[in-house]
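Reproduced below: query27.cif, with mmCIF, N, CA and C atoms.
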data_upload
#
loop_
_atom_site.label_atom_id
_atom_site.label_comp_id
_atom_site.auth_asym_id
_atom_site.auth_seq_id
_atom_site.Cartn_x
_atom_site.Cartn_y
_atom_site.Cartn_z
N MET A 851 13.47 -14.48 28.01
CA MET A 851 12.30 -14.80 27.22
C MET A 851 12.12 -16.32 27.23
N THR A 852 10.97 -16.75 27.63
CA THR A 852 10.72 -18.19 27.69
C THR A 852 10.39 -18.73 26.31
N ALA A 853 10.45 -20.04 26.20
CA ALA A 853 10.17 -20.69 24.91
C ALA A 853 8.72 -20.45 24.50
N GLU A 854 7.81 -20.44 25.46
CA GLU A 854 6.40 -20.23 25.16
C GLU A 854 6.17 -18.82 24.61
N THR A 855 6.82 -17.84 25.19
CA THR A 855 6.69 -16.46 24.72
C THR A 855 7.29 -16.30 23.32
N LEU A 856 8.43 -16.93 23.09
CA LEU A 856 9.08 -16.87 21.79
C LEU A 856 8.21 -17.50 20.71
N ILE A 857 7.63 -18.65 20.99
CA ILE A 857 6.77 -19.32 20.03
C ILE A 857 5.53 -18.48 19.74
N SER A 858 4.96 -17.87 20.76
CA SER A 858 3.80 -16.99 20.56
C SER A 858 4.16 -15.79 19.69
N ALA A 859 5.31 -15.19 19.95
CA ALA A 859 5.75 -14.04 19.17
C ALA A 859 6.00 -14.43 17.71
N LEU A 860 6.63 -15.57 17.49
CA LEU A 860 6.86 -16.04 16.11
C LEU A 860 5.55 -16.37 15.40
N TYR A 861 4.59 -16.91 16.13
CA TYR A 861 3.28 -17.22 15.56
C TYR A 861 2.57 -15.93 15.11
N VAL A 862 2.60 -14.92 15.96
CA VAL A 862 1.96 -13.64 15.62
C VAL A 862 2.68 -13.00 14.43
N PHE A 863 4.01 -13.05 14.41
CA PHE A 863 4.77 -12.49 13.31
C PHE A 863 4.44 -13.20 11.99
N ALA A 864 4.42 -14.52 12.00
CA ALA A 864 4.12 -15.28 10.78
C ALA A 864 2.69 -15.01 10.31
N LEU A 865 1.75 -14.95 11.22
CA LEU A 865 0.36 -14.67 10.86
C LEU A 865 0.23 -13.26 10.29
N ALA A 866 0.89 -12.28 10.89
CA ALA A 866 0.83 -10.90 10.38
C ALA A 866 1.47 -10.79 9.00
N ALA A 867 2.60 -11.48 8.80
CA ALA A 867 3.26 -11.44 7.50
C ALA A 867 2.37 -12.08 6.42
N PHE A 868 1.76 -13.21 6.72
CA PHE A 868 0.88 -13.88 5.76
C PHE A 868 -0.34 -13.02 5.46
N LEU A 869 -0.96 -12.49 6.49
CA LEU A 869 -2.15 -11.65 6.31
C LEU A 869 -1.82 -10.37 5.53
N GLY A 870 -0.71 -9.76 5.84
CA GLY A 870 -0.29 -8.56 5.11
C GLY A 870 -0.04 -8.85 3.64
N TYR A 871 0.61 -9.96 3.35
CA TYR A 871 0.85 -10.34 1.95
C TYR A 871 -0.47 -10.58 1.23
N GLN A 872 -1.40 -11.26 1.85
CA GLN A 872 -2.69 -11.54 1.22
C GLN A 872 -3.47 -10.26 0.95
N VAL A 873 -3.46 -9.34 1.89
CA VAL A 873 -4.19 -8.08 1.72
C VAL A 873 -3.57 -7.25 0.60
N ILE A 874 -2.26 -7.08 0.61
CA ILE A 874 -1.59 -6.24 -0.39
C ILE A 874 -1.67 -6.86 -1.77
N SER A 875 -1.58 -8.17 -1.89
CA SER A 875 -1.62 -8.79 -3.21
C SER A 875 -2.99 -8.71 -3.86
N ARG A 876 -4.04 -8.45 -3.10
CA ARG A 876 -5.39 -8.34 -3.66
C ARG A 876 -5.81 -6.90 -3.95
N VAL A 877 -4.93 -5.96 -3.72
CA VAL A 877 -5.24 -4.55 -3.99
C VAL A 877 -5.02 -4.28 -5.48
N PRO A 878 -6.01 -3.67 -6.15
CA PRO A 878 -5.81 -3.33 -7.56
C PRO A 878 -4.69 -2.31 -7.73
N PRO A 879 -3.98 -2.34 -8.84
CA PRO A 879 -2.86 -1.41 -9.03
C PRO A 879 -3.23 0.06 -8.91
N LEU A 880 -4.46 0.41 -9.28
CA LEU A 880 -4.89 1.80 -9.20
C LEU A 880 -4.93 2.31 -7.75
N LEU A 881 -5.23 1.42 -6.81
CA LEU A 881 -5.34 1.82 -5.41
C LEU A 881 -4.07 1.56 -4.62
N HIS A 882 -3.08 0.95 -5.22
CA HIS A 882 -1.89 0.55 -4.48
C HIS A 882 -1.13 1.74 -3.91
N THR A 883 -0.90 2.77 -4.72
CA THR A 883 -0.14 3.92 -4.25
C THR A 883 -0.83 4.65 -3.12
N PRO A 884 -2.14 4.99 -3.24
CA PRO A 884 -2.77 5.67 -2.10
C PRO A 884 -2.81 4.82 -0.84
N LEU A 885 -3.01 3.53 -1.00
CA LEU A 885 -3.05 2.66 0.17
C LEU A 885 -1.70 2.61 0.86
N MET A 886 -0.65 2.48 0.09
CA MET A 886 0.68 2.41 0.69
C MET A 886 1.09 3.76 1.29
N SER A 887 0.65 4.85 0.68
CA SER A 887 0.95 6.17 1.25
C SER A 887 0.29 6.32 2.61
N ALA A 888 -0.96 5.90 2.70
CA ALA A 888 -1.66 5.98 3.98
C ALA A 888 -1.02 5.06 5.01
N THR A 889 -0.59 3.89 4.58
CA THR A 889 0.06 2.95 5.48
C THR A 889 1.38 3.52 6.00
N ASN A 890 2.12 4.17 5.13
CA ASN A 890 3.38 4.78 5.57
C ASN A 890 3.13 5.93 6.54
N ALA A 891 2.06 6.66 6.33
CA ALA A 891 1.74 7.75 7.27
C ALA A 891 1.33 7.19 8.62
N ILE A 892 0.59 6.12 8.62
CA ILE A 892 0.16 5.49 9.87
C ILE A 892 1.37 4.91 10.62
N SER A 893 2.42 4.59 9.90
CA SER A 893 3.59 4.00 10.55
C SER A 893 4.32 5.00 11.44
N GLY A 894 3.77 6.17 11.60
CA GLY A 894 4.31 7.12 12.57
C GLY A 894 4.28 6.56 13.98
N ILE A 895 3.43 5.56 14.20
CA ILE A 895 3.39 4.89 15.51
C ILE A 895 4.73 4.23 15.80
N SER A 896 5.34 3.66 14.76
CA SER A 896 6.66 3.05 14.96
C SER A 896 7.71 4.12 15.26
N LEU A 897 7.49 5.32 14.75
CA LEU A 897 8.39 6.42 15.07
C LEU A 897 8.34 6.76 16.55
N VAL A 898 7.15 6.80 17.10
CA VAL A 898 7.00 7.08 18.53
C VAL A 898 7.66 5.97 19.36
N GLY A 899 7.43 4.72 18.97
CA GLY A 899 8.06 3.61 19.69
C GLY A 899 9.57 3.64 19.62
N SER A 900 10.11 4.02 18.46
CA SER A 900 11.56 4.06 18.34
C SER A 900 12.16 5.22 19.12
N ILE A 901 11.42 6.33 19.24
CA ILE A 901 11.89 7.45 20.07
C ILE A 901 11.94 7.02 21.54
N VAL A 902 10.93 6.29 21.97
CA VAL A 902 10.91 5.79 23.35
C VAL A 902 12.09 4.85 23.58
N THR A 903 12.34 3.96 22.61
CA THR A 903 13.45 3.01 22.75
C THR A 903 14.80 3.73 22.78
N ALA A 904 14.95 4.72 21.91
CA ALA A 904 16.23 5.44 21.87
C ALA A 904 16.46 6.25 23.14
N GLY A 905 15.40 6.76 23.74
CA GLY A 905 15.55 7.60 24.92
C GLY A 905 15.54 6.86 26.24
N ALA A 906 15.33 5.55 26.21
CA ALA A 906 15.23 4.78 27.46
C ALA A 906 16.58 4.58 28.13
N HIS A 907 17.67 4.61 27.38
CA HIS A 907 19.03 4.43 27.90
C HIS A 907 19.20 3.14 28.69
N TYR A 908 18.70 2.03 28.14
CA TYR A 908 18.93 0.74 28.79
C TYR A 908 20.41 0.40 28.73
N ASN A 909 20.95 0.47 27.52
CA ASN A 909 22.38 0.29 27.33
C ASN A 909 22.76 0.93 25.99
N THR A 910 24.01 0.89 25.65
CA THR A 910 24.49 1.56 24.43
C THR A 910 23.88 0.93 23.18
N VAL A 911 23.76 -0.38 23.15
CA VAL A 911 23.21 -1.07 21.97
C VAL A 911 21.76 -0.64 21.73
N SER A 912 20.96 -0.58 22.78
CA SER A 912 19.55 -0.19 22.60
C SER A 912 19.44 1.26 22.14
N THR A 913 20.33 2.12 22.60
CA THR A 913 20.32 3.51 22.17
C THR A 913 20.68 3.63 20.70
N ILE A 914 21.70 2.88 20.27
CA ILE A 914 22.10 2.91 18.86
C ILE A 914 21.00 2.32 17.97
N LEU A 915 20.43 1.19 18.39
CA LEU A 915 19.34 0.60 17.61
C LEU A 915 18.11 1.51 17.61
N GLY A 916 17.86 2.17 18.72
CA GLY A 916 16.74 3.12 18.78
C GLY A 916 16.95 4.29 17.85
N PHE A 917 18.17 4.83 17.80
CA PHE A 917 18.46 5.92 16.88
C PHE A 917 18.30 5.47 15.43
N THR A 918 18.77 4.27 15.12
CA THR A 918 18.61 3.73 13.77
C THR A 918 17.13 3.57 13.42
N ALA A 919 16.36 3.10 14.39
CA ALA A 919 14.91 2.95 14.17
C ALA A 919 14.24 4.29 13.97
N VAL A 920 14.67 5.31 14.72
CA VAL A 920 14.12 6.66 14.54
C VAL A 920 14.41 7.16 13.13
N PHE A 921 15.63 6.97 12.66
CA PHE A 921 16.00 7.40 11.31
C PHE A 921 15.18 6.68 10.26
N CYS A 922 15.08 5.35 10.36
CA CYS A 922 14.35 4.57 9.36
C CYS A 922 12.86 4.89 9.36
N SER A 923 12.25 5.00 10.53
CA SER A 923 10.82 5.27 10.56
C SER A 923 10.51 6.70 10.15
N THR A 924 11.40 7.64 10.43
CA THR A 924 11.22 9.01 9.94
C THR A 924 11.28 9.05 8.42
N THR A 925 12.23 8.33 7.85
CA THR A 925 12.33 8.24 6.39
C THR A 925 11.06 7.63 5.81
N ASN A 926 10.52 6.63 6.46
CA ASN A 926 9.30 5.97 6.01
C ASN A 926 8.11 6.92 6.04
N VAL A 927 7.96 7.66 7.11
CA VAL A 927 6.83 8.60 7.24
C VAL A 927 6.96 9.73 6.23
N VAL A 928 8.14 10.32 6.12
CA VAL A 928 8.34 11.41 5.16
C VAL A 928 8.11 10.92 3.73
N GLY A 929 8.61 9.73 3.42
CA GLY A 929 8.39 9.15 2.09
C GLY A 929 6.92 8.95 1.79
N GLY A 930 6.15 8.53 2.80
CA GLY A 930 4.71 8.36 2.61
C GLY A 930 4.03 9.67 2.28
N PHE A 931 4.43 10.74 2.97
CA PHE A 931 3.83 12.04 2.67
C PHE A 931 4.26 12.57 1.31
N VAL A 932 5.50 12.32 0.92
CA VAL A 932 5.98 12.76 -0.40
C VAL A 932 5.21 12.04 -1.50
N ILE A 933 5.02 10.75 -1.34
CA ILE A 933 4.27 9.99 -2.35
C ILE A 933 2.83 10.45 -2.40
N THR A 934 2.22 10.71 -1.26
CA THR A 934 0.84 11.19 -1.24
C THR A 934 0.73 12.54 -1.92
N ASP A 935 1.68 13.43 -1.66
CA ASP A 935 1.66 14.75 -2.30
C ASP A 935 1.82 14.62 -3.81
N ARG A 936 2.72 13.76 -4.24
CA ARG A 936 2.92 13.54 -5.68
C ARG A 936 1.67 12.97 -6.33
N MET A 937 1.03 12.05 -5.64
CA MET A 937 -0.19 11.45 -6.17
C MET A 937 -1.30 12.48 -6.28
N LEU A 938 -1.45 13.32 -5.27
CA LEU A 938 -2.50 14.34 -5.29
C LEU A 938 -2.27 15.37 -6.39
N LYS A 939 -1.02 15.66 -6.72
CA LYS A 939 -0.72 16.58 -7.81
C LYS A 939 -1.16 16.00 -9.15
N MET A 940 -1.15 14.69 -9.29
CA MET A 940 -1.60 14.07 -10.54
C MET A 940 -3.08 14.31 -10.78
N PHE A 941 -3.86 14.43 -9.73
CA PHE A 941 -5.31 14.58 -9.86
C PHE A 941 -5.76 16.04 -9.80
N LYS A 942 -4.83 16.96 -9.65
CA LYS A 942 -5.17 18.37 -9.57
C LYS A 942 -5.57 18.88 -10.95
N ARG A 943 -6.65 19.65 -11.01
CA ARG A 943 -7.09 20.21 -12.29
C ARG A 943 -6.19 21.38 -12.68
N LYS A 944 -5.91 21.45 -13.98
CA LYS A 944 -5.11 22.54 -14.50
C LYS A 944 -6.03 23.72 -14.84
N PRO A 945 -5.48 24.94 -14.82
CA PRO A 945 -6.29 26.09 -15.23
C PRO A 945 -6.75 25.93 -16.68
N ALA A 946 -7.83 26.60 -17.04
CA ALA A 946 -8.46 26.42 -18.35
C ALA A 946 -7.50 26.72 -19.50
N GLY A 947 -6.74 27.80 -19.41
CA GLY A 947 -5.81 28.16 -20.50
C GLY A 947 -4.71 27.13 -20.67
N GLN A 948 -4.19 26.64 -19.60
CA GLN A 948 -3.11 25.67 -19.65
C GLN A 948 -3.61 24.34 -20.21
N LYS A 949 -4.83 23.97 -19.90
CA LYS A 949 -5.41 22.72 -20.37
C LYS A 949 -5.62 22.76 -21.88
N ALA A 950 -6.16 23.87 -22.39
CA ALA A 950 -6.40 23.99 -23.82
C ALA A 950 -5.09 24.01 -24.59
N GLU A 951 -4.07 24.65 -24.03
CA GLU A 951 -2.77 24.71 -24.67
C GLU A 951 -2.16 23.32 -24.80
N GLY A 952 -2.30 22.52 -23.76
CA GLY A 952 -1.78 21.15 -23.80
C GLY A 952 -2.50 20.30 -24.82
N LYS A 953 -3.82 20.46 -24.94
CA LYS A 953 -4.59 19.70 -25.93
C LYS A 953 -4.19 20.10 -27.34
N LYS A 954 -3.94 21.40 -27.56
CA LYS A 954 -3.54 21.88 -28.88
C LYS A 954 -2.20 21.27 -29.28
N GLN A 955 -1.24 21.24 -28.35
CA GLN A 955 0.06 20.66 -28.64
C GLN A 955 -0.06 19.17 -28.92
N LEU A 956 -0.93 18.50 -28.18
CA LEU A 956 -1.13 17.07 -28.39
C LEU A 956 -1.76 16.81 -29.76
N ALA A 957 -2.73 17.63 -30.15
CA ALA A 957 -3.38 17.47 -31.45
C ALA A 957 -2.39 17.72 -32.58
N GLU A 958 -1.53 18.73 -32.42
CA GLU A 958 -0.53 19.01 -33.45
C GLU A 958 0.47 17.87 -33.57
N ALA A 959 0.84 17.30 -32.45
CA ALA A 959 1.81 16.21 -32.48
C ALA A 959 1.26 14.97 -33.15
N LYS A 960 -0.06 14.76 -33.10
CA LYS A 960 -0.65 13.57 -33.69
C LYS A 960 -1.10 13.76 -35.13
N SER A 961 -1.08 15.00 -35.62
CA SER A 961 -1.59 15.23 -36.98
C SER A 961 -0.60 14.73 -38.02
N PRO A 962 -1.11 14.26 -39.17
CA PRO A 962 -0.22 13.77 -40.24
C PRO A 962 0.66 14.87 -40.82
N GLU A 963 0.20 16.13 -40.77
CA GLU A 963 1.01 17.22 -41.31
C GLU A 963 2.32 17.38 -40.55
N THR A 964 2.29 17.09 -39.28
CA THR A 964 3.50 17.21 -38.47
C THR A 964 4.57 16.25 -38.97
N TYR A 965 4.18 15.05 -39.30
CA TYR A 965 5.14 14.05 -39.77
C TYR A 965 5.73 14.46 -41.12
N THR A 966 4.89 14.96 -42.02
CA THR A 966 5.38 15.30 -43.35
C THR A 966 6.19 16.59 -43.36
N LYS A 967 5.89 17.54 -42.45
CA LYS A 967 6.66 18.78 -42.39
C LYS A 967 8.06 18.51 -41.87
N GLU A 968 8.17 17.67 -40.86
CA GLU A 968 9.47 17.41 -40.27
C GLU A 968 10.35 16.56 -41.18
N ASN A 969 9.76 15.57 -41.79
CA ASN A 969 10.50 14.66 -42.65
C ASN A 969 9.63 14.32 -43.86
N PRO A 970 9.92 14.89 -45.02
CA PRO A 970 9.07 14.66 -46.19
C PRO A 970 8.98 13.17 -46.61
N LYS A 971 9.91 12.36 -46.18
CA LYS A 971 9.87 10.94 -46.55
C LYS A 971 8.79 10.17 -45.78
N ASN A 972 8.31 10.77 -44.68
CA ASN A 972 7.26 10.11 -43.88
C ASN A 972 5.89 10.40 -44.46
N ARG A 973 5.59 9.86 -45.59
CA ARG A 973 4.26 10.05 -46.19
C ARG A 973 3.45 8.77 -45.96
N PHE A 974 2.13 8.96 -45.89
CA PHE A 974 1.27 7.81 -45.61
C PHE A 974 0.92 7.06 -46.86
#

Rewrite the coordinates I just gave you, this time as structure tokens.
Amino acid sequence: MTAETLISALYVFALAAFLGYQVISRVPPLLHTPLMSATNAISGISLVGSIVTAGAHYNTVSTILGFTAVFCSTTNVVGGFVITDRMLKMFKRKPAGQKAEGKKQLAEAKSPETYTKENPKNRF
């Protein structure tokens, strides 16, 4: 690798790191989880690259590093899908009976009678 190629690669890496930091830091907290889940799913491209590296058999070191990359990128992709599934469950509507039951329990928990029944000393 020549010095010119190395400097170009470091320049691209530094620019990508700076740009990535700027983009992620400007994302509102409400959108952070879905954005990162989608980003992790898109990182399946790195999984394909690591499979190619592991299967190329250049030497033992590249095979070991390729296997490690396959493991890490697979974990990243699966984690992205798990987070997306968890997030989608938060927005799923509950059946009508279950929703009313939850509201009733919440109303009972907030009522002043609940406090006085459990502990008579808790009077307002």

Between CA of Leu881 (chain A) and atom N of Leu938 (chain A) - distance in Å to one decimal: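 Atom-to-atom, atom N of Leu938 (chain A) to CA of Leu881 (chain A), that is 12.1 Å.
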
All residues 7 Å or closer to region 910-925 of chain A, only C-alpha atoms, same chain fewer than 3 positions away omitted, as a PyMOL selection string: chain A and resi 896-897+900-901+903-905+907+928-929

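Candidate residues A:Ile892, A:Asn909, A:Met851, A:Val898 were compared for distance to Val927 (chain A), and the nearest is A:Ile892, using all atoms listed in the file.
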
CA of Ala864 (chain A) to CA of Arg876 (chain A) measures 18.6 Å

Using only C-alpha atoms, can you tell me which of A:Tyr908, A:Leu880, A:Ala853, A:Ser858 comes closest to Met937 (chain A)?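 Closest residue, counting only C-alpha atoms: A:Leu880.
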
Please measure the separation of CA of Ala866 (chain A) and CA of Ile895 (chain A), giving the value in Å to one decimal.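 Result for CA of Ala866 (chain A) versus CA of Ile895 (chain A): 16.8 Å, one decimal.
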
Which residue of A:Asn926, A:Gln872, A:Pro878, A:Leu860 approaches Gly894 (chain A) most closely, using only N, CA and C atoms: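 Checking each of A:Asn926, A:Gln872, A:Pro878, A:Leu860 against Gly894 (chain A), counting only N, CA and C atoms, the winner is A:Asn926.
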